[in-house]
Amino acid sequence: MKPFDECEPNSSVFVKKSGEIKLKGWVYRKREISGNVFIVLRDSTDVVQTVISKDNVSDDEWNDVLNADVEASVFLEGSIRKEDRAPGGFEVSVEKFKLIGESHAFPITKDFSEAFLSDMRHLWIRSRKITSVLKIRSMVFQAIREYFISEGFFESHSPIIISTQTEGGSTLFDVNYFNHKLHLTQTWQLHAEAIIFALEKIFTISPTFRAEKSKTNRHLAEFWMAEMEVAWADFDDIIKYGEGLVKHILKRVLENNQKELKILKRDVSKLTPTLEKPFIRMTYDEALKVLKEKCDFDVKWGKDLRTIEEEKLTKLYDVPVIVTEYPKVIKAFYMKEAPDNKDVVLGCDFLAPEGIGEIIGGSQREEDPVRIRERLIEMGENPDEYGFYMDTRTYGSVPHSGFGLGVERVIRWICGLDSIRDAIAFPRTMQRYYP
């Protein structure tokens, strides 16, 4: 908990220079020893131990103390002193105590199943673990904006409700839009490619929806993506931006969230190589060779790298791996063919270490309207449904590139989480839509 001089005016913690203190918060732990009640109080900043003696408070206040169960909200005043044995190294001797909001039989104690904690997410979110993750999440979002703005980007936005698929029709969520069948967005990209003709360098942070029937620990049906699109940029440019963005995010978290990483028991030595060393870069063909020789995984050319292959590959290195030049048949219609090999595209995936896998997917975009029309037809799509998109290639088309970063996947990696579901306050999966 913060000292008075470091607090914002509406902070719950006010410490006077004399050592007197006023606290507002929630009961985190409570126990009674030799007639004294010890309450560990929590707020958004930290936890602190308080001790209340019946002789130091009024009868009404003592009654409030006895009724202040776990997660009750309270207000208290007292004096603070250093106590190495207490959580945080300090203890407050309480002189005034008021129960603000009662809490009886708080349902979360210890040793509950993941399913139960998911049902109780609205309460489990108060745990130190999830609170720490959410603080790191906030810093990740801040760092994303810092990086793009420092590179001269404009923040821009596109519709959440869209009329065409962008990442595969089988993963679309349908929406009844005034009796028209539309969809929740899979990516901002098609609209972003129109906006760059006005602003040239743009980024967004937005919710994204994929109706993937997946139960893995790395997939969400609703998640957040940080996306960028740049006019006049080639394939090497987006790789440079991607590496710069990941390094900046990690740098800011390590600067500002050491306490939260400690609570999460994260081994930060596994993160520092990403800051200190360049990322590994290899083609799809080279990745298949590494998987065969070092992991005994024989992947047929033309198959996408599955979760298991990405895990095996990334556990070989202590920094992200950038895999480039994927087969055209497994990538989206808008990716530009490599000039020296028409079977592959100028696309890339950034795979985070420690088995996390893909955190960024990007490409140089195809600027030729004839090639885009051909690719749409090859994929069974009707080019006429992409009229506005084709117009961007008809009136002053330019080379351009972009990528999308999965924010929750980055948070999962930085925090060392077992599941991506803990990287967001209220996860949405194939089976989880409440609370």
# chains A, B, ... in the order shown; residues from 1 in each chain; ligands from 1

$ residues_around --residues "A:Glu91" --least-positions-apart "2" --cutoff "7 Å" --atoms "only C-alpha atoms" --output "compact mmCIF listing (two decimals) with C-alpha atoms, in the first residue's frame"
# COMPACT_ATOMS: atom_id res chain seq x y z
CA VAL A 48 -1.02 -4.81 4.94
CA GLN A 49 -1.45 -6.46 8.35
CA THR A 50 -3.53 -4.71 10.99
CA ILE A 80 1.80 2.14 11.24
CA ARG A 81 5.10 0.63 12.27
CA LYS A 82 7.67 -1.62 10.71
CA GLU A 83 7.13 -5.34 11.36
CA ALA A 86 4.00 -9.11 8.69
CA SER A 93 -2.25 -0.72 15.24

$ closest_residue --among "A:Ile238, A:Leu190, A:Cys295, A:Cys348" --to "A:Asp391" --atoms "only C-alpha atoms"
A:Leu190

$ residues_around --residues "stretch 253-255 of chain A" --least-positions-apart "6" --cutoff "12 Å" --atoms "only C-alpha atoms" --output "VMD selection string"
chain A and resid 132 to 144 246 to 247 261 to 262 266 to 272 274 to 275 410 to 411 414 to 415

$ atom_distance --atom1 "atom CA of A:Met120" --atom2 "atom CA of A:Leu41"
21.3 Å

$ select_by_dssp --residues "stretch 123-192 of chain A" --states "alpha helix (DSSP H)" --output "mmCIF file with N, CA and C atoms, in the first residue's frame"
data_model
loop_
_atom_site.group_PDB
_atom_site.id
_atom_site.type_symbol
_atom_site.label_atom_id
_atom_site.label_comp_id
_atom_site.auth_asym_id
_atom_site.auth_seq_id
_atom_site.Cartn_x
_atom_site.Cartn_y
_atom_site.Cartn_z
ATOM 1 N N LEU A 123 -15.899 -13.340 -8.390
ATOM 2 C CA LEU A 123 -15.308 -13.221 -7.059
ATOM 3 C C LEU A 123 -13.830 -13.598 -7.061
ATOM 4 N N TRP A 124 -13.471 -14.602 -7.850
ATOM 5 C CA TRP A 124 -12.078 -15.054 -7.940
ATOM 6 C C TRP A 124 -11.172 -13.957 -8.502
ATOM 7 N N ARG A 128 -5.108 -12.414 -5.434
ATOM 8 C CA ARG A 128 -3.849 -11.718 -5.722
ATOM 9 C C ARG A 128 -3.298 -12.146 -7.074
ATOM 10 N N LYS A 129 -3.537 -13.415 -7.458
ATOM 11 C CA LYS A 129 -3.046 -13.886 -8.746
ATOM 12 C C LYS A 129 -3.703 -13.124 -9.889
ATOM 13 N N ILE A 130 -5.024 -13.117 -9.929
ATOM 14 C CA ILE A 130 -5.712 -12.463 -11.036
ATOM 15 C C ILE A 130 -5.504 -10.953 -10.985
ATOM 16 N N THR A 131 -5.490 -10.379 -9.787
ATOM 17 C CA THR A 131 -5.202 -8.946 -9.668
ATOM 18 C C THR A 131 -3.843 -8.606 -10.262
ATOM 19 N N SER A 132 -2.836 -9.433 -9.987
ATOM 20 C CA SER A 132 -1.496 -9.202 -10.532
ATOM 21 C C SER A 132 -1.491 -9.306 -12.049
ATOM 22 N N VAL A 133 -2.195 -10.308 -12.574
ATOM 23 C CA VAL A 133 -2.278 -10.458 -14.028
ATOM 24 C C VAL A 133 -2.942 -9.232 -14.651
ATOM 25 N N LEU A 134 -4.008 -8.740 -14.043
ATOM 26 C CA LEU A 134 -4.717 -7.597 -14.606
ATOM 27 C C LEU A 134 -3.879 -6.325 -14.561
ATOM 28 N N LYS A 135 -3.036 -6.191 -13.551
ATOM 29 C CA LYS A 135 -2.127 -5.036 -13.524
ATOM 30 C C LYS A 135 -1.107 -5.134 -14.656
ATOM 31 N N ILE A 136 -0.577 -6.334 -14.867
ATOM 32 C CA ILE A 136 0.362 -6.529 -15.974
ATOM 33 C C ILE A 136 -0.350 -6.315 -17.300
ATOM 34 N N ARG A 137 -1.584 -6.795 -17.408
ATOM 35 C CA ARG A 137 -2.373 -6.593 -18.628
ATOM 36 C C ARG A 137 -2.515 -5.093 -18.941
ATOM 37 N N SER A 138 -2.814 -4.306 -17.900
ATOM 38 C CA SER A 138 -2.942 -2.868 -18.089
ATOM 39 C C SER A 138 -1.643 -2.269 -18.628
ATOM 40 N N MET A 139 -0.505 -2.720 -18.080
ATOM 41 C CA MET A 139 0.779 -2.209 -18.555
ATOM 42 C C MET A 139 1.058 -2.635 -20.001
ATOM 43 N N VAL A 140 0.641 -3.848 -20.375
ATOM 44 C CA VAL A 140 0.829 -4.312 -21.751
ATOM 45 C C VAL A 140 0.070 -3.413 -22.716
ATOM 46 N N PHE A 141 -1.179 -3.094 -22.393
ATOM 47 C CA PHE A 141 -1.957 -2.212 -23.256
ATOM 48 C C PHE A 141 -1.308 -0.834 -23.346
ATOM 49 N N GLN A 142 -0.831 -0.326 -22.215
ATOM 50 C CA GLN A 142 -0.163 0.972 -22.216
ATOM 51 C C GLN A 142 1.083 0.940 -23.089
ATOM 52 N N ALA A 143 1.857 -0.127 -22.980
ATOM 53 C CA ALA A 143 3.104 -0.242 -23.753
ATOM 54 C C ALA A 143 2.834 -0.333 -25.251
ATOM 55 N N ILE A 144 1.766 -1.021 -25.627
ATOM 56 C CA ILE A 144 1.418 -1.118 -27.048
ATOM 57 C C ILE A 144 1.167 0.268 -27.621
ATOM 58 N N ARG A 145 0.375 1.046 -26.903
ATOM 59 C CA ARG A 145 0.087 2.400 -27.396
ATOM 60 C C ARG A 145 1.359 3.253 -27.422
ATOM 61 N N GLU A 146 2.158 3.146 -26.379
ATOM 62 C CA GLU A 146 3.409 3.915 -26.338
ATOM 63 C C GLU A 146 4.271 3.621 -27.561
ATOM 64 N N TYR A 147 4.421 2.342 -27.869
ATOM 65 C CA TYR A 147 5.312 1.956 -28.966
ATOM 66 C C TYR A 147 4.824 2.511 -30.292
ATOM 67 N N PHE A 148 3.573 2.284 -30.610
ATOM 68 C CA PHE A 148 3.081 2.714 -31.915
ATOM 69 C C PHE A 148 3.079 4.231 -32.038
ATOM 70 N N ILE A 149 2.674 4.917 -30.980
ATOM 71 C CA ILE A 149 2.670 6.378 -31.036
ATOM 72 C C ILE A 149 4.088 6.913 -31.203
ATOM 73 N N SER A 150 5.053 6.289 -30.528
ATOM 74 C CA SER A 150 6.449 6.730 -30.666
ATOM 75 C C SER A 150 6.980 6.499 -32.073
ATOM 76 N N GLN A 189 -8.542 -5.903 -40.499
ATOM 77 C CA GLN A 189 -7.608 -5.693 -41.596
ATOM 78 C C GLN A 189 -8.209 -5.104 -42.866
ATOM 79 N N LEU A 190 -9.332 -5.654 -43.349
ATOM 80 C CA LEU A 190 -9.850 -5.181 -44.628
ATOM 81 C C LEU A 190 -10.207 -3.700 -44.571
ATOM 82 N N HIS A 191 -10.776 -3.272 -43.436
ATOM 83 C CA HIS A 191 -11.096 -1.852 -43.299
ATOM 84 C C HIS A 191 -9.827 -1.023 -43.051
ATOM 85 N N ALA A 192 -8.872 -1.601 -42.343
ATOM 86 C CA ALA A 192 -7.615 -0.885 -42.098
ATOM 87 C C ALA A 192 -6.885 -0.607 -43.408
#

$ residues_around --residues "A:Glu358" --least-positions-apart "4" --cutoff "8 Å" --atoms "only C-alpha atoms" --output "PDB file with C-alpha atoms, in the first residue's frame"
ATOM      1  CA  GLU A 310       4.983 -24.751 -32.288  1.00  0.00           C
ATOM      2  CA  ASP A 349       4.308 -15.877 -37.439  1.00  0.00           C
ATOM      3  CA  PHE A 350       6.121 -14.806 -34.270  1.00  0.00           C
ATOM      4  CA  LEU A 351       6.297 -17.798 -31.926  1.00  0.00           C
ATOM      5  CA  ALA A 352       6.974 -17.002 -28.255  1.00  0.00           C
ATOM      6  CA  ARG A 409      -1.149 -14.775 -25.630  1.00  0.00           C
TER       7      ARG A 409
END

$ residues_around --residues "A:Glu227" --least-positions-apart "6" --cutoff "12 Å" --atoms "only C-alpha atoms" --output "PyMOL selection string"
chain A and resi 144-145+148+153-158+186-193+201-208+238+241-242+245+359-363+401-407

$ select_by_dssp --residues "stretch 13-162 of chain A" --states "strand (DSSP E or B)" --output "MDAnalysis selection string"
chainID A and resid 13:15 20:33 36:42 47:53 73:82 90:101 154:155 161:162

$ residues_around --residues "stretch 71-77 of chain A" --least-positions-apart "6" --cutoff "9 Å" --atoms "only C-alpha atoms" --output "compact mmCIF listing (two decimals) with N, CA and C atoms, in the first residue's frame"
# COMPACT_ATOMS: atom_id res chain seq x y z
N GLU A 20 0.48 8.19 11.34
CA GLU A 20 -0.93 7.88 11.39
C GLU A 20 -1.40 7.48 9.99
N ILE A 21 -2.40 6.62 9.98
CA ILE A 21 -2.82 6.07 8.69
C ILE A 21 -4.32 5.87 8.64
N LYS A 22 -4.90 6.10 7.49
CA LYS A 22 -6.30 5.80 7.23
C LYS A 22 -6.35 4.83 6.05
N LEU A 23 -7.12 3.75 6.22
CA LEU A 23 -7.18 2.72 5.19
C LEU A 23 -8.62 2.39 4.84
N LYS A 24 -8.86 2.19 3.57
CA LYS A 24 -10.12 1.63 3.09
C LYS A 24 -9.78 0.40 2.25
N GLY A 25 -10.44 -0.71 2.51
CA GLY A 25 -10.12 -1.90 1.74
C GLY A 25 -11.01 -3.06 2.12
N TRP A 26 -10.52 -4.27 1.82
CA TRP A 26 -11.28 -5.49 2.04
C TRP A 26 -10.48 -6.46 2.90
N VAL A 27 -11.17 -7.24 3.70
CA VAL A 27 -10.52 -8.21 4.56
C VAL A 27 -9.99 -9.36 3.71
N TYR A 28 -8.68 -9.51 3.71
CA TYR A 28 -8.04 -10.58 2.94
C TYR A 28 -7.85 -11.83 3.79
N ARG A 29 -7.39 -11.65 5.01
CA ARG A 29 -7.23 -12.75 5.96
C ARG A 29 -7.61 -12.23 7.34
N LEU A 41 -5.43 -6.61 5.40
CA LEU A 41 -6.31 -5.81 4.56
C LEU A 41 -5.71 -5.71 3.16
N ASP A 64 -18.04 -4.53 15.16
CA ASP A 64 -17.75 -4.49 13.71
C ASP A 64 -16.54 -5.37 13.37
N VAL A 92 -0.26 -2.23 11.19
CA VAL A 92 -1.04 -1.07 11.63
C VAL A 92 -1.75 -1.41 12.94
N SER A 93 -1.51 -0.60 13.98
CA SER A 93 -2.25 -0.72 15.24
C SER A 93 -3.51 0.14 15.11
N VAL A 94 -4.66 -0.50 15.14
CA VAL A 94 -5.92 0.17 14.81
C VAL A 94 -6.52 0.86 16.03
N GLU A 95 -6.98 2.12 15.81
CA GLU A 95 -7.62 2.91 16.86
C GLU A 95 -9.08 3.21 16.55
N LYS A 96 -9.45 3.18 15.28
CA LYS A 96 -10.83 3.36 14.86
C LYS A 96 -11.13 2.32 13.78
N PHE A 97 -12.35 1.75 13.83
CA PHE A 97 -12.69 0.68 12.89
C PHE A 97 -14.17 0.79 12.54
N LYS A 98 -14.47 0.68 11.25
CA LYS A 98 -15.86 0.74 10.80
C LYS A 98 -16.10 -0.31 9.72
N LEU A 99 -17.12 -1.11 9.90
CA LEU A 99 -17.52 -2.10 8.89
C LEU A 99 -18.40 -1.40 7.85
N ILE A 100 -17.98 -1.41 6.59
CA ILE A 100 -18.72 -0.72 5.53
C ILE A 100 -19.70 -1.67 4.84
N GLY A 101 -19.19 -2.80 4.36
CA GLY A 101 -20.02 -3.76 3.67
C GLY A 101 -19.76 -5.17 4.17
N GLU A 102 -20.81 -5.83 4.67
CA GLU A 102 -20.64 -7.15 5.26
C GLU A 102 -20.34 -8.21 4.19
N SER A 103 -19.72 -9.28 4.63
CA SER A 103 -19.45 -10.44 3.77
C SER A 103 -19.45 -11.67 4.66
N HIS A 104 -20.38 -12.58 4.42
CA HIS A 104 -20.47 -13.78 5.25
C HIS A 104 -20.34 -15.03 4.37
N PHE A 106 -17.84 -16.26 2.54
CA PHE A 106 -17.28 -16.06 1.20
C PHE A 106 -17.00 -17.43 0.58

$ residues_around --residues "A:Arg371" --least-positions-apart "3" --cutoff "12 Å" --atoms "only C-alpha atoms" --output "JSON, numbers by chain"
{"A": [333, 334, 335, 336, 337, 342, 365, 366, 367, 368, 374, 375, 376, 377, 378, 383, 390, 393]}

$ atom_distance --atom1 "atom CA of A:Pro327" --atom2 "atom CA of A:Phe235"
15.7 Å

$ closest_residue --among "A:Glu408, A:Asp69, A:Glu61, A:Asp43" --to "A:Arg31" --atoms "only C-alpha atoms"
A:Asp69

$ closest_residue --among "A:Ile195, A:Lys300, A:Asn382, A:Ile356" --to "A:Ala231" --atoms "only C-alpha atoms"
A:Ile195

$ atom_distance --atom1 "atom CA of A:Ile125" --atom2 "atom CA of A:Ile33"
29.5 Å
